[in-house]
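Enquirer: This is the content of work.tsv (TSV, C-alpha atoms and all ligand atoms):
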chain	number	residue	atom	x	y	z
A	925	MET	CA	107.75	124.62	41.40
A	926	ALA	CA	109.33	126.36	38.41
A	927	SER	CA	110.69	123.98	35.83
A	928	ILE	CA	113.80	124.52	33.74
A	929	ALA	CA	113.97	123.22	30.19
A	930	PHE	CA	117.31	122.23	28.72
A	931	ASN	CA	118.70	119.77	26.19
A	932	VAL	CA	121.91	117.81	25.86
A	933	ASN	CA	123.75	118.47	22.63
A	934	ALA	CA	125.58	115.87	20.49
A	935	THR	CA	128.79	116.18	22.52
A	936	GLY	CA	126.97	115.63	25.80
A	937	ASN	CA	127.10	119.26	27.05
A	938	ALA	CA	123.99	120.58	28.74
A	939	VAL	CA	122.48	123.55	26.93
A	940	LEU	CA	119.93	126.02	28.38
A	941	ASP	CA	118.32	128.44	25.92
A	942	GLY	CA	121.34	128.07	23.67
A	943	THR	CA	123.80	128.82	26.48
A	944	THR	CA	125.96	126.28	28.26
A	945	LEU	CA	124.32	125.34	31.58
A	946	ASN	CA	127.44	125.96	33.66
A	947	ALA	CA	127.73	129.49	32.31
A	948	VAL	CA	124.27	130.61	33.41
A	949	ILE	CA	123.71	128.78	36.70
A	950	ASN	CA	125.47	130.28	39.66
A	951	LYS	CA	123.30	129.03	42.55
A	952	LYS	CA	124.41	125.73	44.07
A	953	SER	CA	120.86	124.42	44.74
A	954	LEU	CA	119.85	125.02	41.14
A	955	LEU	CA	122.93	123.19	39.95
A	956	THR	CA	121.98	120.17	42.08
A	957	ILE	CA	118.47	120.09	40.59
A	958	ASP	CA	119.85	120.40	37.10
A	959	MET	CA	122.51	117.71	37.57
A	960	THR	CA	119.69	115.28	38.42
A	961	MET	CA	117.90	116.37	35.26
A	962	LEU	CA	121.14	116.00	33.37
A	963	ASP	CA	121.44	112.39	34.61
A	964	ILE	CA	117.87	111.67	33.47
A	965	ASP	CA	118.63	113.09	30.04
A	966	TYR	CA	121.86	111.09	29.77
A	967	ARG	CA	119.88	108.03	30.76
A	968	ASN	CA	117.36	108.51	27.95
A	969	ARG	CA	120.11	109.09	25.41
A	970	ILE	CA	122.02	106.03	26.63
A	971	LEU	CA	118.94	103.83	26.30
A	972	ALA	CA	118.43	105.06	22.71
A	973	LEU	CA	122.11	104.75	21.76
A	974	LYS	CA	122.49	101.22	23.05
A	975	ARG	CA	119.50	100.12	20.97
A	976	GLU	CA	120.87	101.88	17.87
A	977	ASN	CA	124.35	100.34	18.29
A	978	ASN	CA	123.13	96.88	19.36
A	979	THR	CA	125.08	97.20	22.60
A	980	VAL	CA	124.52	95.31	25.83
A	981	ILE	CA	125.43	97.05	29.10
A	982	LEU	CA	126.75	94.77	31.83
A	983	ALA	CA	127.22	96.18	35.32
A	984	HIS	CA	128.84	94.65	38.37
A	985	ASN	CA	126.93	94.66	41.68
A	986	TYR	CA	129.38	97.29	43.03
A	987	GLN	CA	128.62	99.90	40.36
A	988	PRO	CA	127.09	103.26	41.39
A	989	PRO	CA	123.25	103.13	41.57
A	990	GLU	CA	122.66	105.30	38.49
A	991	VAL	CA	124.91	103.02	36.42
A	992	GLN	CA	123.16	99.87	37.67
A	993	ASP	CA	119.87	101.49	36.67
A	994	ILE	CA	120.85	101.77	32.98
A	995	ALA	CA	122.33	98.26	32.72
A	996	ASP	CA	120.78	95.32	30.87
A	997	PHE	CA	122.31	92.88	33.35
A	998	ILE	CA	123.70	93.36	36.86
A	999	GLY	CA	125.58	90.55	38.52
A	1000	ASP	CA	128.72	89.05	40.04
A	1001	SER	CA	131.85	88.18	38.08
A	1002	LEU	CA	130.61	84.71	37.14
A	1003	ALA	CA	127.12	85.81	36.07
A	1004	LEU	CA	128.50	88.68	33.97
A	1005	SER	CA	131.00	86.35	32.25
A	1006	ARG	CA	128.05	84.11	31.39
A	1007	ASN	CA	126.06	87.11	30.10
A	1008	ALA	CA	129.03	88.02	27.89
A	1009	ALA	CA	129.25	84.45	26.59
A	1010	GLU	CA	125.55	84.33	25.76
A	1011	THR	CA	124.83	87.78	24.31
A	1012	ASP	CA	124.10	88.32	20.64
A	1013	ALA	CA	124.84	92.06	20.89
A	1014	ASP	CA	127.67	93.39	18.67
A	1015	THR	CA	129.19	95.46	21.49
A	1016	ILE	CA	129.58	94.75	25.20
A	1017	LEU	CA	129.85	97.87	27.33
A	1018	PHE	CA	131.35	96.70	30.61
A	1019	CYS	CA	130.59	98.79	33.68
A	1020	GLY	CA	132.99	97.20	36.09
A	1021	VAL	CA	136.76	96.98	36.33
A	1022	HIS	CA	139.39	96.26	33.69
A	1023	PHE	CA	139.92	92.53	34.31
A	1024	MET	CA	136.17	91.98	33.83
A	1025	ALA	CA	136.21	93.69	30.43
A	1026	GLU	CA	139.31	91.65	29.51
A	1027	THR	CA	137.50	88.45	30.50
A	1028	ALA	CA	134.55	89.42	28.28
A	1029	SER	CA	136.93	90.13	25.39
A	1030	ILE	CA	138.62	86.73	25.84
A	1031	ILE	CA	135.26	84.96	25.87
A	1032	CYS	CA	133.98	86.93	22.85
A	1033	PRO	CA	136.99	87.77	20.64
A	1034	ASP	CA	134.72	88.80	17.75
A	1035	LYS	CA	132.76	91.38	19.73
A	1036	LYS	CA	133.77	94.91	20.58
A	1037	VAL	CA	134.25	95.26	24.35
A	1038	LEU	CA	134.25	98.77	25.82
A	1039	ILE	CA	135.00	100.09	29.29
A	1040	PRO	CA	133.98	103.69	30.09
A	1041	ASP	CA	137.20	104.45	32.02
A	1042	LEU	CA	140.52	102.66	31.51
A	1043	ASN	CA	141.61	103.62	35.03
A	1044	ALA	CA	139.05	101.29	36.57
A	1045	GLY	CA	141.66	98.82	37.82
A	1046	CYS	CA	141.69	96.41	40.77
A	1047	SER	CA	144.10	96.45	43.72
A	1048	LEU	CA	143.75	92.66	44.07
A	1049	ALA	CA	144.52	91.90	40.41
A	1050	SER	CA	147.62	94.12	40.73
A	1051	THR	CA	149.13	91.94	43.47
A	1052	ILE	CA	150.53	89.40	40.98
A	1053	ASN	CA	151.88	89.74	37.45
A	1054	ALA	CA	152.88	87.12	34.87
A	1055	ASN	CA	156.60	87.16	35.82
A	1056	GLU	CA	155.85	86.68	39.50
A	1057	LEU	CA	153.57	83.78	38.65
A	1058	LYS	CA	156.22	82.21	36.36
A	1059	SER	CA	158.75	82.28	39.24
A	1060	TRP	CA	156.20	80.73	41.61
A	1061	ILE	CA	155.45	77.97	39.10
A	1062	LYS	CA	159.19	77.21	38.87
A	1063	GLU	CA	159.14	76.43	42.60
A	1064	HIS	CA	156.16	74.06	42.12
A	1065	PRO	CA	156.50	72.70	38.55
A	1066	ASN	CA	153.80	70.02	38.96
A	1067	ALA	CA	151.16	72.15	40.62
A	1068	ILE	CA	147.76	73.01	39.13
A	1069	ILE	CA	147.29	76.77	38.88
A	1070	VAL	CA	143.93	78.13	40.05
A	1071	SER	CA	143.50	81.86	39.51
A	1072	TYR	CA	140.71	83.97	40.84
A	1073	VAL	CA	139.03	85.88	38.00
A	1074	ASN	CA	140.47	89.10	39.54
A	1075	THR	CA	143.72	88.71	37.56
A	1076	THR	CA	145.16	90.10	34.33
A	1077	ALA	CA	144.76	88.22	31.04
A	1078	GLU	CA	148.52	87.35	31.12
A	1079	VAL	CA	148.09	85.67	34.50
A	1080	LYS	CA	145.00	83.80	33.28
A	1081	ALA	CA	147.02	82.59	30.28
A	1082	LEU	CA	149.44	80.86	32.70
A	1083	SER	CA	146.61	79.29	34.70
A	1084	ASP	CA	144.89	75.91	34.42
A	1085	TYR	CA	141.62	77.08	35.98
A	1086	CYS	CA	139.95	80.37	36.66
A	1087	CYS	CA	137.38	80.66	39.44
A	1088	THR	CA	135.18	83.30	41.02
A	1089	SER	CA	134.06	83.60	44.62
A	1090	SER	CA	130.87	81.72	43.73
A	1091	ASN	CA	132.56	78.58	42.36
A	1092	ALA	CA	136.07	78.54	43.91
A	1093	VAL	CA	135.26	75.64	46.28
A	1094	LYS	CA	133.78	73.56	43.44
A	1095	VAL	CA	136.73	74.29	41.14
A	1096	VAL	CA	139.25	73.16	43.78
A	1097	ASN	CA	137.15	70.10	44.63
A	1098	SER	CA	137.20	69.11	40.95
A	1099	ILE	CA	141.02	68.75	41.05
A	1100	PRO	CA	142.40	65.34	42.13
A	1101	LYS	CA	143.27	65.38	45.85
A	1102	ASN	CA	146.88	64.31	45.26
A	1103	ARG	CA	147.72	67.32	43.03
A	1104	GLU	CA	149.39	70.38	44.52
A	1105	ILE	CA	147.49	73.62	43.88
A	1106	LEU	CA	148.80	77.17	43.57
A	1107	PHE	CA	145.83	79.43	44.43
A	1108	LEU	CA	146.04	83.13	43.63
A	1109	PRO	CA	145.87	86.00	44.31
A	1110	ASP	CA	143.44	86.45	47.24
A	1111	MET	CA	144.72	85.02	50.53
A	1112	PHE	CA	141.41	85.34	52.40
A	1113	LEU	CA	139.42	83.58	49.69
A	1114	GLY	CA	142.28	81.05	49.45
A	1115	SER	CA	142.21	80.28	53.19
A	1116	TYR	CA	138.43	79.94	53.03
A	1117	VAL	CA	138.65	77.49	50.11
A	1118	ALA	CA	141.42	75.50	51.84
A	1119	GLU	CA	139.26	75.26	54.97
A	1120	MET	CA	136.12	74.22	53.06
A	1121	THR	CA	137.91	71.63	50.91
A	1122	LYS	CA	140.26	70.46	53.72
A	1123	ARG	CA	143.17	70.57	51.21
A	1124	LYS	CA	146.59	70.49	52.79
A	1125	ASN	CA	148.50	70.77	49.49
A	1126	MET	CA	147.24	74.21	48.49
A	1127	TYR	CA	149.69	77.13	48.38
A	1128	ILE	CA	148.14	80.59	48.58
A	1129	TRP	CA	149.46	83.85	47.14
A	1130	PRO	CA	149.51	86.63	49.77
A	1131	GLY	CA	147.32	89.10	47.83
A	1132	GLU	CA	144.33	91.03	49.13
A	1133	CYS	CA	141.67	93.49	48.01
A	1134	HIS	CA	142.08	96.72	49.96
A	1135	VAL	CA	138.29	97.09	50.40
A	1136	HIS	CA	137.59	93.60	51.73
A	1137	ALA	CA	140.81	93.32	53.75
A	1138	GLY	CA	139.51	96.34	55.69
A	1139	ILE	CA	136.42	94.41	56.81
A	1140	LYS	CA	137.81	92.89	59.98
A	1141	ALA	CA	136.64	90.53	62.74
A	1142	GLU	CA	136.05	93.53	65.08
A	1143	GLU	CA	133.41	94.84	62.67
A	1144	VAL	CA	131.52	91.53	62.74
A	1145	ASN	CA	131.74	91.32	66.53
A	1146	LYS	CA	130.43	94.88	66.94
A	1147	MET	CA	127.50	94.26	64.59
A	1148	LEU	CA	126.70	90.91	66.20
A	1149	ALA	CA	126.08	92.69	69.49
A	1150	THR	CA	123.76	95.27	67.83
A	1151	TYR	CA	121.83	93.27	65.22
A	1152	LYS	CA	120.87	90.10	67.01
A	1153	ASN	CA	118.18	89.00	64.53
A	1154	ALA	CA	119.96	89.89	61.31
A	1155	ASP	CA	121.45	87.53	58.75
A	1156	PHE	CA	125.17	88.22	58.23
A	1157	LEU	CA	126.25	88.00	54.58
A	1158	ILE	CA	130.04	87.97	54.25
A	1159	HIS	CA	132.13	88.02	51.05
A	1160	PRO	CA	134.99	85.47	51.18
A	1161	GLU	CA	137.54	88.17	50.23
A	1162	CYS	CA	136.96	89.82	53.66
A	1163	SER	CA	139.70	89.51	56.23
A	1164	CYS	CA	137.02	88.51	58.78
A	1165	THR	CA	136.24	85.30	56.84
A	1166	SER	CA	138.25	82.93	59.10
A	1167	SER	CA	136.79	84.38	62.30
A	1168	THR	CA	133.32	84.19	60.74
A	1169	LEU	CA	133.88	80.51	59.97
A	1170	TYR	CA	134.87	80.09	63.61
A	1171	HIS	CA	131.70	81.91	64.80
A	1172	MET	CA	129.66	79.73	62.43
A	1173	ALA	CA	131.24	76.56	63.78
A	1174	THR	CA	130.99	77.49	67.42
A	1175	GLY	CA	127.52	78.94	67.76
A	1176	GLU	CA	126.93	82.66	67.38
A	1177	LEU	CA	126.51	82.60	63.61
A	1178	THR	CA	125.46	78.98	63.14
A	1179	LYS	CA	122.21	79.79	61.40
A	1180	THR	CA	122.63	83.44	60.48
A	1181	GLY	CA	126.18	83.61	59.05
A	1182	HIS	CA	126.63	83.05	55.30
A	1183	ILE	CA	129.83	83.34	53.27
A	1184	LEU	CA	128.73	84.21	49.75
A	1185	SER	CA	129.73	85.81	46.45
A	1186	THR	CA	127.85	89.01	45.62
A	1187	GLU	CA	125.29	87.11	43.52
A	1188	GLY	CA	124.96	84.52	46.31
A	1189	MET	CA	124.14	87.43	48.64
A	1190	MET	CA	121.45	88.68	46.23
A	1191	LYS	CA	119.86	85.25	46.13
A	1192	HIS	CA	120.00	84.88	49.89
A	1193	ALA	CA	118.43	88.34	50.42
A	1194	ARG	CA	115.55	87.28	48.15
A	1195	THR	CA	114.88	83.89	49.69
A	1196	SER	CA	115.62	84.33	53.40
A	1197	ASN	CA	112.78	84.97	55.86
A	1198	ALA	CA	114.99	87.40	57.78
A	1199	LYS	CA	114.00	91.05	57.72
A	1200	GLN	CA	117.43	92.52	58.51
A	1201	PHE	CA	120.74	91.81	56.81
A	1202	VAL	CA	124.25	92.95	57.69
A	1203	ILE	CA	126.27	93.15	54.48
A	1204	ALA	CA	130.03	92.62	54.53
A	1205	THR	CA	131.20	93.62	51.07
A	1206	GLU	CA	131.47	96.74	48.90
A	1207	THR	CA	128.47	98.96	49.66
A	1208	GLY	CA	127.35	99.34	46.00
A	1209	ILE	CA	125.40	96.09	46.25
A	1210	ILE	CA	122.99	97.60	48.77
A	1211	HIS	CA	121.23	99.67	46.07
A	1212	ARG	CA	120.19	96.50	44.23
A	1213	MET	CA	119.30	94.70	47.45
A	1214	LYS	CA	116.95	97.49	48.54
A	1215	LYS	CA	115.42	97.82	45.08
A	1216	GLU	CA	114.68	94.11	44.75
A	1217	ASN	CA	113.58	93.56	48.35
A	1218	PRO	CA	111.32	96.36	49.57
A	1219	GLY	CA	110.35	95.74	53.19
A	1220	LYS	CA	113.75	94.29	54.15
A	1221	THR	CA	116.59	96.28	55.72
A	1222	PHE	CA	120.22	96.11	54.58
A	1223	ILE	CA	122.96	97.47	56.81
A	1224	PRO	CA	126.52	97.87	55.51
A	1225	ILE	CA	129.00	96.40	57.98
A	1226	LYS	CA	131.30	99.32	57.15
A	1227	GLU	CA	130.03	102.53	55.51
A	1228	ASP	CA	133.40	103.21	53.90
A	1229	ALA	CA	133.78	99.80	52.22
A	1230	ILE	CA	133.88	101.53	48.85
A	1231	CYS	CA	135.93	100.47	45.83
A	1232	LYS	CA	137.29	103.61	44.21
A	1233	TYR	CA	137.95	101.66	41.00
A	1234	MET	CA	134.34	100.53	40.62
A	1235	LYS	CA	133.25	104.12	41.28
A	1236	LYS	CA	135.35	105.45	38.38
A	1237	ILE	CA	132.39	104.64	36.12
A	1238	ASN	CA	129.50	107.10	35.92
A	1239	VAL	CA	126.57	107.81	33.61
A	1240	GLU	CA	128.41	110.59	31.76
A	1241	LYS	CA	131.32	108.26	30.97
A	1242	VAL	CA	128.93	105.54	29.84
A	1243	HIS	CA	127.35	108.06	27.47
A	1244	ASN	CA	130.79	109.09	26.17
A	1245	SER	CA	131.66	105.43	25.67
A	1246	LEU	CA	128.58	104.89	23.52
A	1247	VAL	CA	128.96	108.09	21.49
A	1248	ASN	CA	132.69	107.70	20.79
A	1249	SER	CA	132.99	103.89	20.94
A	1250	VAL	CA	135.68	104.09	23.65
A	1251	TYR	CA	137.67	102.58	25.36
A	1252	GLU	CA	138.13	99.30	23.59
A	1253	VAL	CA	139.62	96.42	25.59
A	1254	LYS	CA	141.26	93.84	23.34
A	1255	VAL	CA	143.50	91.00	24.50
A	1256	PRO	CA	146.27	89.90	22.07
A	1257	ALA	CA	145.34	86.62	20.35
A	1258	ASN	CA	148.29	84.58	21.72
A	1259	ILE	CA	147.35	85.47	25.33
A	1260	SER	CA	143.61	85.31	24.74
A	1261	LYS	CA	143.78	81.77	23.30
A	1262	LYS	CA	145.56	80.38	26.39
A	1263	ALA	CA	143.50	82.40	28.89
A	1264	LYS	CA	140.28	81.23	27.27
A	1265	LEU	CA	140.90	77.62	28.30
A	1266	SER	CA	141.08	78.50	32.00
A	1267	ILE	CA	137.96	80.69	31.71
A	1268	GLU	CA	136.00	77.98	29.89
A	1269	ARG	CA	136.84	75.55	32.69
A	1270	MET	CA	135.50	78.12	35.15
A	1271	LEU	CA	132.26	78.56	33.19
A	1272	ALA	CA	131.78	74.79	33.05
A	1273	ILE	CA	131.78	74.56	36.87
A	1274	SER	CA	129.02	76.65	38.43
B	1301	LIG	P1	132.00	88.68	42.96
B	1301	LIG	O1	131.05	89.69	42.45
B	1301	LIG	O2	132.31	87.67	41.93
B	1301	LIG	O3	131.57	88.10	44.26
B	1301	LIG	O4	133.41	89.44	43.18
B	1301	LIG	C1	133.60	90.47	44.00
B	1301	LIG	C2	134.67	91.38	43.56
B	1301	LIG	O5	135.45	91.84	44.32
B	1301	LIG	C3	134.74	91.77	42.17
B	1301	LIG	O6	135.74	92.65	42.02
B	1302	LIG	FE1	139.23	94.74	43.00
B	1302	LIG	FE2	138.48	94.87	45.54
B	1302	LIG	FE3	137.57	96.67	43.84
B	1302	LIG	FE4	136.72	94.13	43.67
B	1302	LIG	S1	136.37	95.53	45.36
B	1302	LIG	S2	137.38	95.44	42.01
B	1302	LIG	S3	138.57	93.03	44.29
B	1302	LIG	S4	139.72	96.38	44.43
For this file, produce the structure as structure tokens.
Expert:
Amino acid sequence: MASIAFNVNATGNAVLDGTTLNAVINKKSLLTIDMTMLDIDYRNRILALKRENNTVILAHNYQPPEVQDIADFIGDSLALSRNAAETDADTILFCGVHFMAETASIICPDKKVLIPDLNAGCSLASTINANELKSWIKEHPNAIIVSYVNTTAEVKALSDYCCTSSNAVKVVNSIPKNREILFLPDMFLGSYVAEMTKRKNMYIWPGECHVHAGIKAEEVNKMLATYKNADFLIHPECSCTSSTLYHMATGELTKTGHILSTEGMMKHARTSNAKQFVIATETGIIHRMKKENPGKTFIPIKEDAICKYMKKINVEKVHNSLVNSVYEVKVPANISKKAKLSIERMLAIS
């Protein structure tokens, strides 16, 4: 097979014999081959740049495969917050969504935190803002505020505790039974936590993540009929969570149904004797599952469970971030100081 030699110049443009790649390639198949080569070249440059700049790359489990493959750490929201807290790198390059980079900046105010695309938002975090939370608190002045980590820094600053899907039950259990709780913003995770903790004095904000809300009970029922020997791994943000709990209590999923955070799913995939797994969360996690567990099969419960915000990040943008030191995420000190307390309480409960 003929090989094509090209380099990537300082601004990240591909150059072939001194001519810009796009200008000389007019056959689609050639372009596909060369884009793969371009990715490999970006990858090598990224690995060199991050060493030069003492940068750590953190990537969420939902990131595109090629971004996961250049990361120093891949994990769920809790694990990545811990990585941020523990790193001795000068710069944290966060391949995830904006609230995650904000959380890293709050935990490490002296480090530079970068996100490759500022438009990587979160539909769930957008369901409540600081003013809405202030009004809710006025209705329940004595309540303890528990915010899922998928919230803005301003919302965290008004909260007593932060939690992630992997420690939400433990965080709520750590609060005295007689105290009212305002839980926000995910209603499916909230209902799951209320069910697991048997709390009757927990008020839940009616927010949802558009990706997980779309994973419905029908999907589980359909897959149950097809994959009889598979383990079912379900994220608690899914709208099918309550019906899954019901299936788990009544028989069909007693042994094979598991409600887990994304890192909990990774651990389960590693340690379970099952050979087939039906995965009910954003499909990005399947790349890591396959890579770490050759010989096991992972089936997405819904092929189109894709978070467009997580997919805003790509290798080219990561490269741009490293070259130009963009886009910095910095939380104002007055907000950061208050938000830090709720995050530290979250990190203390794992
Ligand atoms: P975890 O990775 O913490 O389970 O969260 C899932 C999620 O939706 C992050 O945006
Ligand atoms: Fe937000 Fe949902 Fe995307 Fe996670 S999957 S970042 S909760 S929109």
Enquirer: Around (140.1, 95.3, 43.8) in the file's frame, which residues reach within 8 Å when counting only C-alpha atoms? Return as a list in words?
Expert: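 Here the neighbourhood of the point contains Gly1045, Cys1046, Ser1047, Leu1048, Ala1049, Asn1074, Cys1133, His1134, Val1135, Cys1231 and Tyr1233 of chain A.
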Enquirer: Write out as a PDB file with C-alpha atoms, keeping the file's coordinate frame each polymer residue whose atoms come within 9 Å of Ser1166 in chain A, counting only C-alpha atoms; drop sequence neighbours fewer than 6 positions from it.
Expert:
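So selection.pdb came out as:
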ATOM      1  CA  PHE A1112     141.410  85.340  52.400  1.00  0.00           C
ATOM      2  CA  SER A1115     142.210  80.280  53.190  1.00  0.00           C
ATOM      3  CA  TYR A1116     138.430  79.940  53.030  1.00  0.00           C
ATOM      4  CA  GLU A1119     139.260  75.260  54.970  1.00  0.00           C
ATOM      5  CA  ALA A1141     136.640  90.530  62.740  1.00  0.00           C
ATOM      6  CA  PRO A1160     134.990  85.470  51.180  1.00  0.00           C
TER       7      PRO A1160
END
Enquirer: Pick from A:Met1234, A:Leu1002, A:Met1189, A:Val1096: nearest to Gly1208 in chain A, with all atoms listed in the file counted?
Expert: A:Met1234
Enquirer: Rounded to one decimal place, report the CA of Met1111 in chain A-CA of Ile1128 in chain A distance in Å.
Expert: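 Separation of CA of Met1111 in chain A and CA of Ile1128 in chain A: 5.9 Å.
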Enquirer: So which residues fall inside 6 Å of (148.1, 81.4, 41.6) if we count only C-alpha atoms? Mind giving them as an MDAnalysis selection string?
Expert: chainID A and resid 1069:1071 1106:1109
Enquirer: Choose the residue, out of A:Ile1099, A:Leu1184, A:Ile1052, A:Leu973, that has the smallest atom-to-atom separation from ligand LIG 1301 (chain B); count all atoms listed in the file.
Expert: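 Among the listed residues, A:Leu1184 lies closest to ligand LIG 1301 (chain B).
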Enquirer: Select from range 966-1074 of chain A every residue with an atom at most 7 Å from any atom of range 1250-1267 of chain A, then for each give the shortest pair of atoms and their distance in Å to one decimal, using all atoms listed in the file, rows by chain and rising number, as JSON lines.
Expert:
{"residue": "A:Ala1025", "atom": "CA", "partner": "A:Val1253", "partner_atom": "CA", "distance": 6.5}
{"residue": "A:Glu1026", "atom": "CA", "partner": "A:Val1253", "partner_atom": "CA", "distance": 6.2}
{"residue": "A:Ser1029", "atom": "CA", "partner": "A:Lys1254", "partner_atom": "CA", "distance": 6.1}
{"residue": "A:Ile1030", "atom": "CA", "partner": "A:Ser1260", "partner_atom": "CA", "distance": 5.3}
{"residue": "A:Ile1031", "atom": "CA", "partner": "A:Lys1264", "partner_atom": "CA", "distance": 6.4}
{"residue": "A:Lys1036", "atom": "CA", "partner": "A:Glu1252", "partner_atom": "CA", "distance": 6.9}
{"residue": "A:Val1037", "atom": "CA", "partner": "A:Val1253", "partner_atom": "CA", "distance": 5.6}
{"residue": "A:Leu1038", "atom": "CA", "partner": "A:Glu1252", "partner_atom": "CA", "distance": 4.5}
{"residue": "A:Ile1039", "atom": "CA", "partner": "A:Tyr1251", "partner_atom": "CA", "distance": 5.4}
{"residue": "A:Pro1040", "atom": "CA", "partner": "A:Tyr1251", "partner_atom": "CA", "distance": 6.1}
{"residue": "A:Asp1041", "atom": "CA", "partner": "A:Tyr1251", "partner_atom": "CA", "distance": 6.9}
{"residue": "A:Leu1042", "atom": "CA", "partner": "A:Tyr1251", "partner_atom": "CA", "distance": 6.8}
Enquirer: Using only C-alpha atoms and all ligand atoms, determine which residues fall within 7 Å of ligand LIG 1301 (chain B), then list them as a count of residues only.
Expert: 14
Enquirer: So for range 988-1005 of chain A, what box centre and size do we get, axis-aligned, 5 Å extra on each of the six sides, every listed atom, Å to one decimal, as lines of an AutoDock Vina configuration file?
Expert:
center_x = 125.9
center_y = 95.0
center_z = 36.2
size_x = 22.0
size_y = 30.6
size_z = 20.7
Enquirer: Could you work out how far CA of Arg1212 in chain A lies from CA of Ile1139 in chain A, giving the answer in Å with one decimal?
Expert: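 We find that CA of Ile1139 in chain A and CA of Arg1212 in chain A lie 20.6 Å from each other.
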Enquirer: Using all atoms listed in the file, which protein or nucleic acid residues come within 9 Å of Leu971 in chain A? Drop anything in the same chain fewer than 5 positions from it, and give the result as an mmCIF file with C-alpha atoms, in the frame of the given file.
Expert:
data_model
loop_
_atom_site.group_PDB
_atom_site.id
_atom_site.type_symbol
_atom_site.label_atom_id
_atom_site.label_comp_id
_atom_site.auth_asym_id
_atom_site.auth_seq_id
_atom_site.Cartn_x
_atom_site.Cartn_y
_atom_site.Cartn_z
ATOM 1 C CA TYR A 966 121.860 111.090 29.770
ATOM 2 C CA GLU A 976 120.870 101.880 17.870
ATOM 3 C CA ILE A 994 120.850 101.770 32.980
#
Enquirer: Considering only C-alpha atoms, can you say which of A:Leu982, A:Leu1148, A:Val1079, A:Leu1169 comes closest to Arg1006 in chain A?
Expert: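 Result for the nearest residue to Arg1006 in chain A: A:Leu982.
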Enquirer: Within 9 Å of Asp1014 in chain A, counting only C-alpha atoms, which residues qualify if same-chain residues fewer than 2 places away don't, as a PyMOL selection string?
Expert: chain A and resi 977-980+1011-1012+1016+1034-1037
Enquirer: Would you please work out which residue, of A:Arg967, A:Lys1080, A:Lys1220, A:Lys1235, is nearest to Phe1023 in chain A when using all atoms listed in the file?
Expert: A:Lys1080
Enquirer: By how many Å are CA of Ile1210 in chain A and CA of Asp1155 in chain A apart?
Expert: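 CA of Asp1155 in chain A lies 14.3 Å from CA of Ile1210 in chain A.
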Enquirer: Let me make sure I understand: among A:Met1126, A:Ile1105, A:Lys1226, A:Phe1156, which one has the smallest atom-to-atom distance to Lys1140 in chain A if we use only C-alpha atoms?
Expert: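 Counting only C-alpha atoms, the residue closest to Lys1140 in chain A is A:Lys1226.
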Enquirer: With all atoms listed in the file as the basis for distance, which of A:Asp1084, A:Glu1143, A:Asp993, A:Glu1078 is at the shortest distance from Arg1269 in chain A?
Expert: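 Looking only at the distances to Arg1269 in chain A, the closest residue turns out to be A:Asp1084.
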Enquirer: Near Ala983 in chain A, counting all atoms listed in the file, which residues have an atom at most 7 Å away, once you skip same-chain residues fewer than 5 positions from it, shown as a PyMOL selection string?
Expert: chain A and resi 992+995+997-999+1018-1020
Enquirer: Do a neighbour search on Lys1122 in chain A at 10 Å with all atoms listed in the file, toss out local chain neighbours closer than 5 positions, and write the hits as an mmCIF file with C-alpha atoms, in the coordinates of the input.
Expert:
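Below is the file that was written, around_10.cif:
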data_model
loop_
_atom_site.group_PDB
_atom_site.id
_atom_site.type_symbol
_atom_site.label_atom_id
_atom_site.label_comp_id
_atom_site.auth_asym_id
_atom_site.auth_seq_id
_atom_site.Cartn_x
_atom_site.Cartn_y
_atom_site.Cartn_z
ATOM 1 C CA ASN A 1097 137.150 70.100 44.630
ATOM 2 C CA LYS A 1101 143.270 65.380 45.850
ATOM 3 C CA TYR A 1116 138.430 79.940 53.030
ATOM 4 C CA VAL A 1117 138.650 77.490 50.110
#
